[in-house]
$ cat final_19.txt   # compact mmCIF, C-alpha atoms
# COMPACT_ATOMS: atom_id res chain seq x y z
CA MET A 1 -73.66 -60.05 45.06
CA ALA A 2 -71.04 -59.96 42.29
CA GLU A 3 -68.26 -60.25 44.85
CA GLU A 4 -69.93 -63.27 46.46
CA LEU A 5 -70.28 -64.97 43.05
CA ASN A 6 -66.66 -64.27 42.21
CA GLU A 7 -65.60 -66.21 45.27
CA PHE A 8 -67.10 -69.39 43.83
CA GLN A 9 -65.85 -68.87 40.24
CA GLU A 10 -63.03 -71.06 39.08
CA SER A 11 -60.29 -69.79 36.77
CA VAL A 12 -60.31 -71.38 33.31
CA ASP A 13 -57.30 -71.49 31.00
CA PHE A 14 -58.09 -70.45 27.43
CA ASP A 15 -57.04 -73.01 24.84
CA GLU A 16 -56.21 -71.34 21.52
CA THR A 17 -56.48 -74.65 19.68
CA THR A 18 -60.22 -74.39 20.13
CA PHE A 19 -60.33 -71.78 17.37
CA MET A 20 -57.57 -73.32 15.25
CA ALA A 21 -59.94 -74.50 12.53
CA LEU A 22 -61.64 -71.10 12.47
CA SER A 23 -58.30 -69.33 12.28
CA ASN A 24 -57.13 -71.48 9.35
CA ALA A 25 -60.39 -70.99 7.47
CA GLN A 26 -60.27 -67.25 8.07
CA GLU A 27 -56.67 -66.90 6.87
CA ARG A 28 -57.44 -68.91 3.73
CA PHE A 29 -60.45 -66.69 3.01
CA ARG A 30 -58.38 -63.53 3.50
CA ARG A 31 -55.64 -64.77 1.19
CA LEU A 32 -58.18 -65.48 -1.52
CA GLN A 33 -59.71 -62.04 -0.97
CA LEU A 34 -56.32 -60.39 -1.50
CA HIS A 35 -55.66 -62.53 -4.55
CA ASP A 36 -59.06 -61.64 -6.05
CA ALA A 37 -59.46 -58.11 -4.71
CA ASP A 38 -61.65 -57.00 -7.63
CA HIS A 39 -64.52 -59.28 -6.54
CA GLU A 40 -66.64 -59.75 -3.45
CA ILE A 41 -69.10 -62.32 -2.05
CA VAL A 42 -72.76 -61.28 -2.23
CA ALA A 43 -75.95 -63.17 -1.23
CA ARG A 44 -78.68 -62.89 -3.86
CA ASP A 45 -81.98 -64.77 -3.74
CA GLY A 46 -80.65 -67.26 -1.27
CA LYS A 47 -77.53 -67.94 -3.31
CA ILE A 48 -73.92 -66.92 -2.78
CA GLU A 49 -72.26 -65.34 -5.81
CA LYS A 50 -68.87 -63.86 -6.57
CA VAL A 51 -69.39 -60.54 -8.34
CA PRO A 52 -67.16 -57.59 -9.21
CA ARG A 53 -67.03 -55.05 -6.45
CA GLN A 54 -69.50 -52.20 -6.52
CA MET A 55 -71.45 -53.13 -9.62
CA GLU A 56 -73.90 -50.38 -8.77
CA LYS A 57 -73.11 -46.74 -8.22
CA VAL A 58 -73.70 -46.05 -4.53
CA LYS A 59 -72.37 -42.48 -4.35
CA GLU A 60 -72.09 -39.51 -6.63
CA GLY A 61 -68.75 -39.08 -8.32
CA GLN A 62 -68.03 -42.78 -8.88
CA VAL A 63 -66.91 -43.95 -12.33
CA GLN A 64 -66.94 -47.37 -13.98
CA ASN A 65 -63.61 -49.16 -14.18
CA ALA A 66 -62.37 -51.79 -16.65
CA ALA A 67 -63.77 -54.62 -14.50
CA GLY A 68 -67.29 -53.20 -14.67
CA GLY A 69 -67.40 -51.97 -11.07
CA TYR A 70 -67.81 -48.44 -9.77
CA VAL A 71 -64.93 -46.75 -7.98
CA PHE A 72 -63.91 -43.23 -7.09
CA PRO A 73 -61.63 -41.65 -9.74
CA VAL A 74 -58.03 -40.92 -8.85
CA SER A 75 -56.45 -37.50 -9.30
CA ASP A 76 -54.64 -36.40 -12.45
CA GLU A 77 -51.30 -36.56 -10.65
CA THR A 78 -51.91 -40.18 -9.64
CA GLN A 79 -52.85 -41.16 -13.19
CA VAL A 80 -49.69 -39.59 -14.59
CA ARG A 81 -47.47 -41.19 -11.92
CA ARG A 82 -48.99 -44.64 -12.48
CA PHE A 83 -48.41 -44.50 -16.22
CA LEU A 84 -44.87 -43.13 -15.95
CA ILE A 85 -43.76 -45.67 -13.34
CA ILE A 86 -45.83 -48.79 -14.03
CA GLY A 87 -46.39 -48.32 -17.75
CA SER A 88 -48.72 -50.49 -19.82
CA GLU A 89 -46.48 -52.96 -21.65
CA LYS A 90 -48.00 -56.16 -20.23
CA GLY A 91 -51.61 -55.07 -19.84
CA SER A 92 -53.89 -56.56 -17.21
CA TYR A 93 -56.60 -59.19 -16.81
CA TYR A 94 -59.26 -56.77 -18.04
CA GLN A 95 -57.36 -54.72 -20.64
CA THR A 96 -54.74 -55.40 -23.28
CA ALA A 97 -51.49 -53.43 -23.34
CA GLU A 98 -52.62 -51.51 -26.46
CA LYS A 99 -55.94 -50.54 -24.87
CA MET A 100 -54.23 -49.38 -21.67
CA THR A 101 -51.70 -47.33 -23.65
CA MET A 102 -54.45 -45.63 -25.66
CA ASP A 103 -56.48 -44.89 -22.52
CA ASN A 104 -53.46 -43.41 -20.76
CA ALA A 105 -52.53 -41.37 -23.83
CA GLN A 106 -56.06 -39.95 -24.02
CA ASN A 107 -55.96 -39.12 -20.31
CA ILE A 108 -52.66 -37.26 -20.70
CA VAL A 109 -54.01 -35.33 -23.68
CA LYS A 110 -57.11 -34.36 -21.68
CA ILE A 111 -54.93 -33.23 -18.76
CA ILE A 112 -52.84 -31.08 -21.10
CA GLU A 113 -55.91 -29.62 -22.80
CA LYS A 114 -57.25 -28.65 -19.38
CA GLY A 115 -54.14 -26.51 -18.90
CA ASN A 116 -52.19 -28.79 -16.56
CA GLY A 117 -49.21 -29.59 -18.77
CA HIS A 118 -46.80 -28.17 -16.19
CA MET A 119 -47.82 -30.91 -13.75
CA VAL A 120 -47.22 -33.64 -16.38
CA LEU A 121 -43.70 -32.47 -17.19
CA ARG A 122 -42.89 -31.83 -13.53
CA GLU A 123 -43.86 -35.38 -12.56
CA LEU A 124 -41.92 -36.73 -15.54
CA ALA A 125 -38.77 -34.79 -14.62
CA LEU A 126 -38.94 -35.77 -10.93
CA ILE A 127 -39.50 -39.47 -11.63
CA ASN A 128 -36.70 -39.46 -14.19
CA SER A 129 -34.25 -37.71 -11.86
CA GLU A 130 -35.01 -40.19 -9.07
CA ASN A 131 -34.87 -43.24 -11.41
CA ARG A 132 -38.24 -44.48 -10.16
CA ASN A 133 -39.35 -45.90 -13.51
CA PRO A 134 -38.12 -49.44 -14.31
CA LYS A 135 -38.66 -48.94 -18.07
CA MET A 136 -38.49 -45.91 -20.35
CA SER A 137 -41.22 -46.53 -22.92
CA SER A 138 -44.09 -44.85 -21.06
CA MET A 139 -41.90 -41.89 -20.11
CA LEU A 140 -40.67 -41.39 -23.67
CA PHE A 141 -44.22 -41.68 -24.98
CA THR A 142 -45.44 -39.04 -22.51
CA LEU A 143 -42.55 -36.74 -23.39
CA ALA A 144 -43.37 -37.14 -27.09
CA ILE A 145 -47.01 -36.21 -26.44
CA CYS A 146 -45.95 -33.05 -24.61
CA ALA A 147 -43.48 -32.17 -27.37
CA ARG A 148 -45.78 -32.75 -30.35
CA ILE A 149 -49.39 -32.30 -29.18
CA SER A 150 -51.10 -29.78 -31.43
CA SER A 151 -54.67 -29.44 -32.65
CA HIS A 152 -53.99 -26.28 -34.66
CA ASP A 153 -51.18 -24.06 -35.90
CA VAL A 154 -49.80 -22.77 -32.60
CA MET A 155 -47.59 -20.19 -34.35
CA LYS A 156 -50.55 -18.41 -35.89
CA LYS A 157 -51.77 -15.31 -34.06
CA SER A 158 -55.41 -15.03 -33.11
CA GLU A 159 -57.58 -12.02 -32.35
CA CYS A 160 -59.23 -13.92 -29.50
CA PRO A 161 -57.16 -13.51 -26.29
CA LEU A 162 -58.20 -16.94 -25.02
CA VAL A 163 -57.16 -18.74 -28.21
CA ASP A 164 -53.91 -16.78 -28.39
CA SER A 165 -53.04 -17.62 -24.77
CA TYR A 166 -53.79 -21.32 -25.42
CA SER A 167 -51.43 -21.26 -28.43
CA GLN A 168 -48.72 -19.66 -26.30
CA TYR A 169 -49.32 -22.29 -23.60
CA LEU A 170 -48.77 -25.10 -26.15
CA ARG A 171 -45.63 -23.40 -27.52
CA GLU A 172 -44.13 -23.18 -24.05
CA LEU A 173 -45.14 -26.80 -23.38
CA HIS A 174 -43.33 -27.93 -26.55
CA ALA A 175 -40.22 -25.94 -25.62
CA ALA A 176 -40.16 -27.29 -22.06
CA ALA A 177 -40.59 -30.88 -23.27
CA LEU A 178 -37.78 -30.54 -25.82
CA SER A 179 -35.49 -29.10 -23.14
CA LEU A 180 -35.84 -32.38 -21.21
CA ILE A 181 -34.50 -34.52 -24.08
CA PRO A 182 -30.85 -34.54 -22.85
CA ASP A 183 -31.94 -35.66 -19.36
CA VAL A 184 -34.53 -38.26 -20.40
CA CYS A 185 -32.88 -39.63 -23.57
CA ARG A 186 -29.61 -40.71 -22.00
CA ILE A 187 -28.57 -43.14 -24.75
CA PRO A 188 -29.36 -43.30 -28.49
CA THR A 189 -31.86 -46.12 -27.89
CA HIS A 190 -34.02 -43.70 -25.90
CA LEU A 191 -33.53 -40.94 -28.47
CA PHE A 192 -34.56 -43.18 -31.39
CA GLU A 193 -37.64 -44.41 -29.54
CA PHE A 194 -38.62 -40.83 -28.66
CA ILE A 195 -38.22 -39.77 -32.30
CA ASP A 196 -40.36 -42.69 -33.43
CA TYR A 197 -43.14 -41.66 -31.03
CA CYS A 198 -42.90 -38.04 -32.20
CA GLN A 199 -43.16 -39.11 -35.81
CA THR A 200 -46.25 -41.21 -35.07
CA ILE A 201 -47.94 -38.39 -33.16
CA ALA A 202 -47.07 -35.82 -35.84
CA ASN A 203 -48.51 -38.03 -38.59
CA SER A 204 -51.76 -38.47 -36.67
CA THR A 205 -52.30 -34.77 -35.93
CA ARG A 206 -52.84 -31.87 -38.29
CA ALA A 207 -51.85 -28.25 -37.92
CA GLY A 208 -54.05 -26.18 -40.16
CA SER A 209 -54.68 -27.66 -43.60
CA LYS A 210 -51.50 -29.69 -43.92
CA SER A 211 -50.06 -32.49 -41.86
CA SER A 212 -46.97 -31.83 -39.77
CA THR A 213 -43.76 -33.74 -40.41
CA GLY A 214 -42.64 -33.29 -36.81
CA TRP A 215 -39.31 -31.75 -37.81
CA GLY A 216 -39.76 -28.08 -37.19
CA ARG A 217 -37.02 -25.67 -36.18
CA SER A 218 -37.34 -26.41 -32.47
CA MET A 219 -37.10 -30.17 -33.00
CA ARG A 220 -34.05 -29.85 -35.26
CA LYS A 221 -32.35 -27.59 -32.72
CA ALA A 222 -33.09 -29.98 -29.82
CA ILE A 223 -31.67 -33.01 -31.67
CA SER A 224 -28.63 -31.04 -32.81
CA LEU A 225 -27.87 -29.97 -29.25
CA TRP A 226 -28.16 -33.59 -28.09
CA TYR A 227 -25.21 -34.49 -30.34
CA LYS A 228 -23.25 -31.27 -29.85
CA ASN A 229 -23.27 -31.37 -26.05
CA LYS A 230 -21.80 -34.88 -25.84
CA THR A 231 -18.09 -35.26 -25.21
CA SER A 232 -15.97 -36.72 -28.00
CA GLU A 233 -15.44 -39.97 -26.11
CA LYS A 234 -19.14 -40.46 -25.31
CA LEU A 235 -20.22 -39.50 -28.82
CA ALA A 236 -17.79 -42.01 -30.34
CA MET A 237 -19.15 -44.71 -28.06
CA PHE A 238 -22.76 -43.85 -28.94
CA LEU A 239 -22.09 -43.89 -32.69
CA THR A 240 -20.42 -47.31 -32.60
CA LYS A 241 -22.35 -49.10 -29.85
CA TYR A 242 -25.82 -47.91 -30.88
CA PRO A 243 -25.65 -47.50 -34.68
CA GLN A 244 -29.40 -48.01 -35.16
CA ARG A 245 -32.46 -48.83 -33.08
CA GLU A 246 -36.24 -48.78 -33.62
CA GLY A 247 -35.78 -48.44 -37.38
CA TRP A 248 -33.74 -45.23 -36.97
CA SER A 249 -30.02 -44.58 -37.37
CA HIS A 250 -27.73 -41.67 -36.59
CA ARG A 251 -27.51 -40.93 -40.31
CA ASP A 252 -31.28 -40.47 -40.41
CA LEU A 253 -31.21 -37.95 -37.56
CA PHE A 254 -28.28 -36.06 -39.07
CA ARG A 255 -30.11 -35.94 -42.39
CA LEU A 256 -33.23 -34.50 -40.74
CA ALA A 257 -31.73 -32.28 -38.00
CA HIS A 258 -28.56 -31.10 -39.83
CA PRO A 259 -26.33 -30.65 -36.75
CA SER A 260 -23.29 -28.57 -37.68
CA LEU A 261 -20.31 -27.19 -35.79
CA PHE A 262 -19.38 -24.50 -38.33
CA ASN A 263 -22.10 -22.03 -37.40
CA ASP A 264 -21.64 -22.46 -33.64
CA SER A 265 -19.03 -20.17 -32.12
CA ARG A 266 -18.81 -22.31 -28.98
CA PHE A 267 -16.84 -24.99 -30.82
CA ALA A 268 -14.63 -22.76 -33.01
CA HIS A 269 -11.73 -22.67 -30.53
CA GLN A 270 -12.25 -25.93 -28.66
CA GLU A 271 -9.32 -28.31 -28.71
CA ASN A 272 -11.48 -31.27 -29.73
CA ARG A 273 -13.15 -29.46 -32.63
CA LEU A 274 -11.58 -31.70 -35.28
CA GLU A 275 -12.50 -34.79 -33.30
CA ARG A 276 -16.13 -33.73 -33.30
CA GLU A 277 -16.06 -32.98 -37.02
CA GLN A 278 -14.61 -36.41 -37.69
CA LEU A 279 -17.34 -38.04 -35.60
CA PHE A 280 -20.05 -36.05 -37.34
CA ARG A 281 -18.64 -37.15 -40.69
CA PHE A 282 -18.53 -40.76 -39.49
CA ALA A 283 -22.20 -40.56 -38.50
CA VAL A 284 -23.18 -39.42 -42.00
CA LYS A 285 -20.68 -41.09 -44.35
CA GLY A 286 -19.29 -43.91 -42.21
CA ASP A 287 -15.59 -43.10 -42.78
CA LEU A 288 -12.82 -40.81 -41.51
CA VAL A 289 -10.58 -38.46 -43.52
CA LYS A 290 -7.62 -37.13 -41.57
CA ARG A 291 -6.21 -33.73 -42.48
CA LYS A 292 -2.54 -32.85 -42.29
CA ARG A 293 -0.90 -29.61 -41.33
CA LYS A 294 1.30 -29.63 -44.43
CA MET A 295 -0.21 -31.08 -47.58
CA THR A 296 0.93 -31.12 -51.16
CA GLU A 297 -1.37 -29.79 -53.85
CA GLU A 298 -2.36 -33.34 -54.83
CA GLU A 299 -3.22 -34.23 -51.21
CA ALA A 300 -5.19 -31.00 -50.79
CA THR A 301 -7.14 -31.77 -53.94
CA GLU A 302 -8.02 -35.24 -52.66
CA VAL A 303 -9.16 -33.84 -49.33
CA GLU A 304 -11.33 -31.23 -51.04
CA LYS A 305 -13.03 -33.99 -53.03
CA SER A 306 -13.81 -36.13 -50.00
CA TRP A 307 -14.35 -33.55 -47.24
CA ASN A 308 -17.01 -30.93 -46.79
CA LYS A 309 -15.71 -27.77 -48.46
CA VAL A 310 -17.29 -25.60 -45.79
CA SER A 311 -14.89 -27.07 -43.23
CA LEU A 312 -11.90 -26.05 -45.34
CA ASP A 313 -12.94 -22.41 -45.07
CA HIS A 314 -12.59 -22.52 -41.27
CA PRO A 315 -8.93 -22.39 -40.15
CA TYR A 316 -7.78 -24.84 -37.49
CA THR A 317 -5.34 -24.15 -34.70
CA THR A 318 -2.19 -26.20 -34.10
CA GLU A 319 -3.66 -27.59 -30.87
CA GLN A 320 -6.74 -28.83 -32.72
CA LEU A 321 -4.64 -30.58 -35.38
CA VAL A 322 -2.38 -32.16 -32.75
CA LYS A 323 -5.44 -33.36 -30.82
CA GLU A 324 -6.81 -34.98 -33.97
CA GLU A 325 -3.49 -36.71 -34.67
CA SER A 326 -3.28 -38.18 -31.18
CA SER A 327 -6.95 -39.14 -30.96
$ encode --input "final_19.txt" --output "structure tokens"
Amino acid sequence: MAEELNEFQESVDFDETTFMALSNAQERFRRLQLHDADHEIVARDGKIEKVPRQMEKVKEGQVQNAAGGYVFPVSDETQVRRFLIIGSEKGSYYQTAEKMTMDNAQNIVKIIEKGNGHMVLRELALINSENRNPKMSSMLFTLAICARISSHDVMKKSECPLVDSYSQYLRELHAAALSLIPDVCRIPTHLFEFIDYCQTIANSTRAGSKSSTGWGRSMRKAISLWYKNKTSEKLAMFLTKYPQREGWSHRDLFRLAHPSLFNDSRFAHQENRLEREQLFRFAVKGDLVKRKRKMTEEEATEVEKSWNKVSLDHPYTTEQLVKEESS
């Protein structure tokens, strides 16, 4: 019967313009949906309303977001990546930049307190090495949290094995975060901003009965190595191009960290030792005092008055003096 009916059927050409109005209306609706993805259309009591998505919890495990809707929470890794890459400088429609920064900081602290600090620093190091973050503020803030987070005196021994292991975990976290300073803080602007964050975090936390200044031995050593490991040319450029940022100057960091070349055997026989000493002096005093291989008693007296006497106790080689003359 179907074959007999098919013999009398006539072919009809489909005209797409028939649905042109529907297609245009649909595309416009989809564009608006994408533009306003946090809301949906719902019929209530015979009326159409635009409401935030999932205003009611429909499944276990959902949490309330800033828009008032219920969504499934993302993993700790995703939260850390979002903050490191996207940041929170401009805020959003539902939250200000300050509120987003505080929320992200609290999330990072909770992740660290749960014992997952290794993941935070690993994500930070990978994103930094791949240059995936357009701005540095969120990364420097996260690094400062990892370097300065402390709810108690982590150096104090405890009879409880769990408390003692937690203190050791925080000590290793601080050391690992400080070891990333040369890679993350590539220019003095980054270093000054990182120091400012560390100072703020240290002032807001307490270790024992007294507040921490944030300039312990490990911090002083990390900042000193940042200056010592730079070449003479790069250090000279940093001292002159970036004299001060974020309310901090190189003189402030030298005053707090006390970087010195005299107690470090690595620089005793380097050809550019005098260059480095001159640059360190320039960072602190803002001037240069050149030493000569042959000086009269009057010239030696003048040098002793203006130069650090400790440096005069360390003999210089001919190559080092020639390098300073030609620099």
$ closest_residue --input "final_19.txt" --among "A:Val120, A:Leu256, A:Leu32, A:Ile111" --to "A:Ser224" --atoms "all atoms listed in the file"
A:Leu256
$ closest_atom_pairs --input "final_19.txt" --of "stretch 213-272 of chain A" --to "stretch 189-199 of chain A" --cutoff "7 Å" --atoms "all atoms listed in the file" --output "JSON lines"
{"residue": "A:Gly214", "atom": "CA", "partner": "A:Gln199", "partner_atom": "CA", "distance": 5.9}
{"residue": "A:Tyr242", "atom": "CA", "partner": "A:Thr189", "partner_atom": "CA", "distance": 7.0}
{"residue": "A:Arg245", "atom": "CA", "partner": "A:Thr189", "partner_atom": "CA", "distance": 5.9}
{"residue": "A:Glu246", "atom": "CA", "partner": "A:Glu193", "partner_atom": "CA", "distance": 6.1}
{"residue": "A:Trp248", "atom": "CA", "partner": "A:Phe192", "partner_atom": "CA", "distance": 6.0}
$ residues_around --input "final_19.txt" --residues "A:Pro134" --least-positions-apart "4" --cutoff "10 Å" --atoms "all atoms listed in the file" --output "PyMOL selection string"
chain A and resi 84-87
$ residues_around --input "final_19.txt" --residues "stretch 102-106 of chain A" --least-positions-apart "4" --cutoff "10 Å" --atoms "only C-alpha atoms" --output "PDB file with C-alpha atoms, keeping the file's coordinate frame"
ATOM      1  CA  GLN A  79     -52.850 -41.160 -13.190  1.00  0.00           C
ATOM      2  CA  VAL A  80     -49.690 -39.590 -14.590  1.00  0.00           C
ATOM      3  CA  ARG A  82     -48.990 -44.640 -12.480  1.00  0.00           C
ATOM      4  CA  PHE A  83     -48.410 -44.500 -16.220  1.00  0.00           C
ATOM      5  CA  LEU A  84     -44.870 -43.130 -15.950  1.00  0.00           C
ATOM      6  CA  GLY A  87     -46.390 -48.320 -17.750  1.00  0.00           C
ATOM      7  CA  SER A  88     -48.720 -50.490 -19.820  1.00  0.00           C
ATOM      8  CA  ALA A  97     -51.490 -53.430 -23.340  1.00  0.00           C
ATOM      9  CA  GLU A  98     -52.620 -51.510 -26.460  1.00  0.00           C
ATOM     10  CA  LYS A 110     -57.110 -34.360 -21.680  1.00  0.00           C
ATOM     11  CA  ILE A 111     -54.930 -33.230 -18.760  1.00  0.00           C
ATOM     12  CA  ILE A 112     -52.840 -31.080 -21.100  1.00  0.00           C
ATOM     13  CA  SER A 138     -44.090 -44.850 -21.060  1.00  0.00           C
ATOM     14  CA  PHE A 141     -44.220 -41.680 -24.980  1.00  0.00           C
ATOM     15  CA  THR A 142     -45.440 -39.040 -22.510  1.00  0.00           C
ATOM     16  CA  ILE A 145     -47.010 -36.210 -26.440  1.00  0.00           C
TER      17      ILE A 145
END
$ atom_distance --input "final_19.txt" --atom1 "atom CA of A:Thr231" --atom2 "atom CA of A:Asn128"
22.0 Å
$ closest_residue --input "final_19.txt" --among "A:Lys135, A:Lys234, A:Arg171, A:Ala257" --to "A:Arg217" --atoms "only C-alpha atoms"
A:Ala257
